[in-house]
$ cat model.txt   # compact mmCIF, C-alpha atoms
# COMPACT_ATOMS: atom_id res chain seq x y z
CA MET A 199 35.71 66.84 -112.33
CA ILE A 200 38.48 69.43 -111.87
CA PRO A 201 40.34 70.04 -115.18
CA VAL A 202 43.89 68.69 -115.19
CA ALA A 203 45.23 72.12 -116.11
CA LYS A 204 43.74 73.57 -112.93
CA LEU A 205 45.23 70.79 -110.83
CA GLU A 206 48.66 71.58 -112.24
CA GLU A 207 48.13 75.31 -111.80
CA ALA A 208 47.04 74.94 -108.21
CA THR A 209 50.24 73.17 -107.19
CA THR A 210 52.58 75.89 -108.40
CA ASP A 211 51.77 78.78 -106.10
CA ILE A 212 53.94 77.46 -103.28
CA MET A 213 57.13 78.61 -105.02
CA PRO A 214 58.28 81.08 -107.67
CA ALA A 215 57.24 80.20 -111.21
CA ALA A 216 60.75 79.57 -112.52
CA LYS A 217 61.54 77.18 -109.69
CA SER A 218 58.20 75.44 -110.12
CA GLU A 219 58.76 74.90 -113.84
CA ALA A 220 62.20 73.45 -113.16
CA ALA A 221 60.69 71.05 -110.64
CA ALA A 222 57.96 69.95 -113.01
CA SER A 223 60.40 69.18 -115.81
CA GLY A 224 63.21 67.72 -113.70
CA SER A 225 64.22 64.20 -112.84
CA LEU A 226 64.78 62.18 -109.70
CA SER A 227 66.84 59.16 -108.73
CA ASP A 228 64.99 55.96 -107.93
CA GLU A 229 65.52 56.71 -104.24
CA VAL A 230 66.30 60.09 -102.68
CA THR A 231 66.93 60.46 -98.93
CA ASP A 232 67.78 63.58 -96.91
CA LEU A 233 67.99 63.36 -93.13
CA GLY A 234 69.53 66.78 -92.64
CA GLY A 235 66.39 68.38 -91.27
CA GLY A 236 66.85 67.05 -87.74
CA GLN A 237 63.18 66.18 -87.14
CA ARG A 238 62.11 63.09 -85.21
CA PHE A 239 60.25 61.95 -88.33
CA VAL A 240 61.01 61.28 -91.99
CA VAL A 241 58.51 62.30 -94.65
CA CYS A 242 58.16 59.22 -96.85
CA ALA A 243 56.44 59.03 -100.24
CA PHE A 244 56.49 56.56 -103.08
CA TYR A 245 55.56 57.38 -106.63
CA THR A 246 55.22 55.87 -110.07
CA THR A 247 56.74 57.39 -113.20
CA ASN A 248 53.52 59.14 -114.20
CA TYR A 249 53.57 61.01 -110.85
CA LEU A 250 57.08 62.42 -111.31
CA SER A 251 55.99 66.06 -111.70
CA LYS A 252 53.85 65.73 -108.56
CA VAL A 253 56.59 64.27 -106.38
CA LEU A 254 59.04 66.92 -107.58
CA ARG A 255 56.67 69.59 -106.28
CA LEU A 256 56.41 67.70 -103.01
CA LYS A 257 60.20 67.57 -102.81
CA ALA A 258 60.44 71.32 -103.45
CA SER A 259 58.10 71.99 -100.53
CA LEU A 260 60.07 69.63 -98.27
CA ASP A 261 63.31 71.38 -99.20
CA ARG A 262 61.67 74.73 -98.54
CA PHE A 263 60.93 73.80 -94.93
CA GLY A 264 64.10 71.78 -94.36
CA LEU A 265 62.32 68.51 -93.60
CA ASN A 266 63.77 65.00 -93.57
CA TYR A 267 62.47 62.94 -96.48
CA HIS A 268 62.71 59.66 -98.33
CA LEU A 269 61.22 59.44 -101.84
CA LYS A 270 61.14 56.18 -103.79
CA ARG A 271 60.04 55.30 -107.31
CA VAL A 272 58.16 52.00 -107.63
CA PRO A 273 56.80 50.10 -110.65
CA ARG A 274 53.13 50.61 -111.38
CA ARG A 275 50.88 47.66 -110.71
CA LEU A 276 48.25 46.59 -113.21
CA THR A 277 45.55 48.87 -111.74
CA TRP A 278 45.42 52.12 -109.78
CA GLU A 279 43.75 50.30 -106.88
CA ALA A 280 46.54 47.71 -106.71
CA THR A 281 49.16 50.46 -106.74
CA THR A 282 47.56 52.16 -103.73
CA ARG A 283 47.93 48.91 -101.80
CA LEU A 284 51.73 49.26 -101.98
CA LYS A 285 51.42 51.92 -99.29
CA ALA A 286 51.28 49.50 -96.36
CA GLN A 287 54.40 47.61 -97.36
CA PHE A 288 56.21 50.87 -98.11
CA VAL A 289 55.45 52.26 -94.63
CA THR A 290 56.61 48.96 -93.09
CA GLU A 291 59.87 49.17 -95.05
CA CYS A 292 60.44 52.80 -94.04
CA LEU A 293 59.99 52.03 -90.34
CA ALA A 294 62.70 49.36 -90.70
CA LYS A 295 64.93 51.58 -92.84
CA PHE A 296 64.81 54.49 -90.36
CA PRO A 297 64.69 52.85 -86.90
CA ASP A 298 65.54 56.12 -85.14
CA HIS A 299 62.75 58.08 -86.82
CA ASP A 300 58.99 58.04 -87.05
CA VAL A 301 57.41 57.89 -90.50
CA LEU A 302 55.21 60.65 -91.88
CA TYR A 303 53.73 59.12 -95.01
CA LEU A 304 52.36 61.49 -97.67
CA ASP A 305 50.75 60.74 -101.00
CA ALA A 306 53.01 61.90 -103.82
CA ASP A 307 50.58 64.62 -104.94
CA ALA A 308 50.73 66.44 -101.59
CA ILE A 309 52.69 69.57 -100.72
CA ILE A 310 53.67 71.16 -97.42
CA ARG A 311 52.25 74.65 -96.93
CA HIS A 312 53.47 75.36 -93.39
CA PRO A 313 55.83 73.65 -90.92
CA PRO A 314 54.03 70.48 -89.68
CA ASP A 315 54.66 71.21 -86.01
CA PHE A 316 51.70 69.13 -84.80
CA PHE A 317 53.68 65.92 -85.26
CA ASP A 318 56.11 67.01 -82.54
CA THR A 319 53.23 66.52 -80.08
CA VAL A 320 52.04 63.06 -81.17
CA THR A 321 52.56 60.40 -78.50
CA SER A 322 50.25 57.69 -79.87
CA ASP A 323 51.36 54.91 -82.22
CA VAL A 324 49.39 56.15 -85.23
CA CYS A 325 47.92 59.49 -86.28
CA MET A 326 45.43 59.65 -89.15
CA LEU A 327 42.36 61.53 -90.35
CA PHE A 328 38.94 60.41 -89.09
CA THR A 329 35.83 62.01 -90.57
CA PRO A 330 32.33 61.56 -89.07
CA VAL A 331 29.66 60.68 -91.63
CA PHE A 332 25.95 59.87 -91.57
CA ARG A 333 24.96 57.07 -93.94
CA ASP A 334 21.85 54.92 -94.17
CA GLY A 335 20.57 56.40 -90.93
CA LYS A 336 23.74 55.51 -89.01
CA ARG A 337 26.70 57.49 -87.76
CA ALA A 338 30.18 56.23 -88.64
CA LEU A 339 33.78 57.31 -89.05
CA THR A 340 35.63 57.18 -92.35
CA ILE A 341 39.41 57.19 -92.56
CA ALA A 342 41.88 58.73 -94.98
CA ALA A 343 45.53 57.73 -95.25
CA GLY A 344 46.92 60.37 -97.63
CA THR A 345 48.63 61.84 -94.57
CA LEU A 346 49.58 59.14 -92.09
CA TYR A 347 51.94 59.42 -89.12
CA VAL A 348 53.28 56.11 -87.77
CA ARG A 349 55.63 56.21 -84.81
CA ASN A 350 58.53 53.80 -84.67
CA THR A 351 57.15 52.10 -81.59
CA GLU A 352 56.12 48.50 -81.05
CA GLY A 353 52.52 49.53 -81.67
CA GLY A 354 53.36 51.55 -84.76
CA ARG A 355 55.34 48.72 -86.32
CA ARG A 356 52.60 46.24 -85.46
CA PHE A 357 50.03 48.49 -87.10
CA ALA A 358 52.07 48.64 -90.32
CA GLU A 359 52.69 44.90 -90.41
CA ILE A 360 49.04 43.96 -89.76
CA TRP A 361 47.90 46.57 -92.26
CA SER A 362 50.20 45.08 -94.90
CA SER A 363 49.08 41.53 -94.15
CA ASN A 364 45.45 42.42 -94.86
CA GLU A 365 45.93 42.99 -98.58
CA PRO A 366 44.62 39.52 -99.57
CA LYS A 367 41.39 40.19 -97.65
CA VAL A 368 40.27 43.24 -99.66
CA GLY A 369 40.27 41.74 -103.15
CA PRO A 370 41.67 43.04 -106.42
CA LEU A 371 39.69 46.30 -106.31
CA GLY A 372 40.40 47.10 -102.65
CA LEU A 373 42.33 50.22 -101.61
CA ASP A 374 44.99 50.79 -98.97
CA GLU A 375 42.34 52.30 -96.69
CA ASP A 376 40.14 49.22 -97.09
CA MET A 377 43.11 47.27 -95.74
CA ILE A 378 43.12 49.47 -92.62
CA TYR A 379 39.40 48.89 -92.05
CA SER A 380 40.05 45.17 -92.40
CA ALA A 381 42.97 45.34 -89.96
CA PHE A 382 41.16 47.09 -87.10
CA THR A 383 39.91 43.90 -85.47
CA ASP A 384 43.55 42.85 -84.91
CA LEU A 385 44.85 46.20 -83.63
CA GLU A 386 44.00 45.90 -79.94
CA GLY A 387 46.44 47.96 -77.90
CA VAL A 388 47.56 50.18 -80.80
CA SER A 389 46.87 53.81 -79.90
CA PHE A 390 45.51 56.40 -82.34
CA THR A 391 45.39 60.19 -82.52
CA ALA A 392 42.94 62.06 -84.74
CA LEU A 393 44.81 64.13 -87.30
CA PRO A 394 43.78 67.80 -87.60
CA ARG A 395 41.98 68.37 -90.91
CA ALA A 396 44.48 71.07 -91.90
CA TYR A 397 47.10 68.32 -92.18
CA SER A 398 45.14 66.41 -94.81
CA LYS A 399 43.30 69.17 -96.69
CA ILE A 400 41.92 68.46 -100.16
CA PHE A 401 42.71 71.50 -102.31
CA ASP A 402 39.13 72.19 -103.48
CA ALA A 403 37.30 71.22 -100.27
CA ASN A 404 35.97 73.58 -97.63
CA GLY A 405 37.92 73.69 -94.40
CA PRO A 406 40.85 75.29 -92.61
CA ASP A 407 43.92 76.72 -94.30
CA PRO A 408 46.10 73.73 -95.14
CA VAL A 409 49.35 72.76 -93.50
CA ILE A 410 49.52 69.73 -95.80
CA GLU A 411 47.49 69.99 -99.01
CA HIS A 412 46.48 67.13 -101.30
CA PHE A 413 45.71 67.63 -104.97
CA GLN A 414 43.82 64.41 -105.72
CA ALA A 415 45.82 63.39 -108.78
CA SER A 416 43.94 60.09 -108.53
CA ARG A 417 41.01 61.85 -110.22
CA GLU A 418 43.00 61.52 -113.43
CA GLN A 419 43.37 57.75 -113.03
CA LEU A 420 41.13 54.97 -114.33
CA LYS A 421 39.49 53.38 -111.29
CA PHE A 422 38.12 49.90 -111.90
CA GLY A 423 36.45 49.80 -108.50
CA LYS A 424 34.36 52.87 -109.28
CA LEU A 425 33.49 51.49 -112.71
CA ALA A 426 32.40 48.22 -111.11
CA ARG A 427 30.17 50.04 -108.59
CA ARG A 428 28.59 52.11 -111.35
CA SER A 429 28.02 48.98 -113.43
CA ARG A 430 26.31 47.24 -110.50
CA ARG A 431 24.06 50.27 -109.95
CA ALA A 432 23.22 50.44 -113.66
CA LEU A 433 22.43 46.73 -113.69
CA GLY A 434 20.22 47.08 -110.63
CA ILE A 435 18.31 49.97 -112.22
CA ALA A 436 17.93 48.02 -115.47
CA MET A 437 16.53 45.03 -113.58
CA ILE A 438 13.99 47.21 -111.75
CA VAL A 439 12.91 48.91 -114.98
CA GLY A 440 12.63 45.50 -116.68
CA ALA A 441 10.53 44.12 -113.84
CA VAL A 442 8.20 47.13 -113.96
CA PHE A 443 7.86 46.78 -117.74
CA VAL A 444 6.99 43.08 -117.43
CA ALA A 445 4.46 43.83 -114.68
CA VAL A 446 2.79 46.61 -116.67
CA THR A 447 2.65 44.44 -119.79
CA PHE A 448 1.13 41.56 -117.83
CA ILE A 449 -1.52 43.78 -116.19
CA SER A 450 -2.37 45.41 -119.53
CA ARG A 451 -2.94 42.02 -121.16
CA LEU A 452 -4.86 40.75 -118.16
CA PHE A 453 -7.35 43.62 -118.09
CA GLY A 454 -7.04 44.81 -121.70
$ encode --input "model.txt" --output "structure tokens"
Amino acid sequence: MIPVAKLEEATTDIMPAAKSEAAASGSLSDEVTDLGGGQRFVVCAFYTTNYLSKVLRLKASLDRFGLNYHLKRVPRRLTWEATTRLKAQFVTECLAKFPDHDVLYLDADAIIRHPPDFFDTVTSDVCMLFTPVFRDGKRALTIAAGTLYVRNTEGGRRFAEIWSSNEPKVGPLGLDEDMIYSAFTDLEGVSFTALPRAYSKIFDANGPDPVIEHFQASREQLKFGKLARRSRRALGIAMIVGAVFVAVTFISRLFG
């Protein structure tokens, strides 16, 4: 695990120290909107109170590059997983709120390192990160929605609405990305573009120099889904060990 102090330190090198300290200790209205940048998109992020210092750093980077943005504070849900699932409804609301703009959703712990010019070229309905993986002898694609570009087209709005409607299907420990996996069977006709990795770069991962960098503040959060998976694995191991012990004891008595 990366120490919290290093996470905080890593986010400050985008701006002078004095300005960074002011951002970290500042405040923000419940909703802040600036459409003075003139881009075809609005950077949209929601945050909970415990993410205030993160979103202030995001805002500083948006101001630095003169980008349109909409930042909104929301109440925390009972669990971290449930709070992530607010993302789909938030994107849907932003598409309705800014009908003349596309929506570039960013997680609140992201910062902009360079002008995100790639989004000027996107013509599909949705642009997101796909990563090829090899698991259990099979090839697959995983998705990540920390950076997510949704155009204000019929297909983009349909994607957001279907995504949002899939929350009941993923259960109490499901994430926003699980909702996208669940939604894919209903997304015929929606077009996708693969996001360049530099636009969704995890700060301590190998890869290209970031245009948009994510600092994985979720590592600091209690994740019930991960705890549940670990508990199931521990239970499975305990059952195997117990079965072996019973078998060995039985054989020892049988031939002892």
$ residues_around --input "model.txt" --residues "Thr383 (chain A)" --least-positions-apart "3" --cutoff "12 Å" --atoms "only C-alpha atoms" --output "ChimeraX atom specification"
/A:357,360-361,364,377-380,386-388
$ atom_distance --input "model.txt" --atom1 "CA of Leu346 (chain A)" --atom2 "CA of Ala294 (chain A)"
16.4 Å
$ residues_around --input "model.txt" --residues "region 233-238 of chain A" --least-positions-apart "2" --cutoff "6 Å" --atoms "all atoms listed in the file" --output "CSV table (one decimal) with C-alpha atoms, in the coordinates of the input"
chain,number,residue,atom,x,y,z
A,264,GLY,CA,64.1,71.8,-94.4
A,265,LEU,CA,62.3,68.5,-93.6
A,266,ASN,CA,63.8,65.0,-93.6
A,299,HIS,CA,62.8,58.1,-86.8
$ residues_near_point --input "model.txt" --point "(43.2, 69.0, -106.1)" --cutoff "7 Å" --atoms "all atoms listed in the file" --output "list in words"
Leu205, Ile400, Phe401, Asp402, His412, Phe413, Gln414 and Ala415 of chain A
$ residues_around --input "model.txt" --residues "region 316-322 of chain A" --least-positions-apart "4" --cutoff "9 Å" --atoms "all atoms listed in the file" --output "tab-separated table (two decimals) with C-alpha atoms, keeping the file's coordinate frame"
chain	number	residue	atom	x	y	z
A	237	GLN	CA	63.18	66.18	-87.14
A	238	ARG	CA	62.11	63.09	-85.21
A	239	PHE	CA	60.25	61.95	-88.33
A	302	LEU	CA	55.21	60.65	-91.88
A	347	TYR	CA	51.94	59.42	-89.12
A	348	VAL	CA	53.28	56.11	-87.77
A	349	ARG	CA	55.63	56.21	-84.81
A	353	GLY	CA	52.52	49.53	-81.67
A	354	GLY	CA	53.36	51.55	-84.76
A	388	VAL	CA	47.56	50.18	-80.80
A	389	SER	CA	46.87	53.81	-79.90
A	390	PHE	CA	45.51	56.40	-82.34
A	391	THR	CA	45.39	60.19	-82.52
A	393	LEU	CA	44.81	64.13	-87.30
A	394	PRO	CA	43.78	67.80	-87.60
A	397	TYR	CA	47.10	68.32	-92.18
$ residues_around --input "model.txt" --residues "Arg283 (chain A)" --least-positions-apart "2" --cutoff "9 Å" --atoms "all atoms listed in the file" --output "count of residues only"
14
$ closest_residue --input "model.txt" --among "A:Asp384, A:Asp232, A:Glu352, A:Glu359" --to "Val289 (chain A)" --atoms "all atoms listed in the file"
A:Glu359
$ atom_distance --input "model.txt" --atom1 "CA of Pro314 (chain A)" --atom2 "CA of Ala342 (chain A)"
17.7 Å
$ closest_residue --input "model.txt" --among "A:Ser259, A:Thr329, A:Asn248, A:Asn350" --to "Ser398 (chain A)" --atoms "all atoms listed in the file"
A:Thr329
$ closest_residue --input "model.txt" --among "A:Leu269, A:Thr351, A:Thr277, A:Pro330" --to "Pro297 (chain A)" --atoms "all atoms listed in the file"
A:Thr351
$ atom_distance --input "model.txt" --atom1 "CA of Pro370 (chain A)" --atom2 "CA of Ser416 (chain A)"
17.3 Å
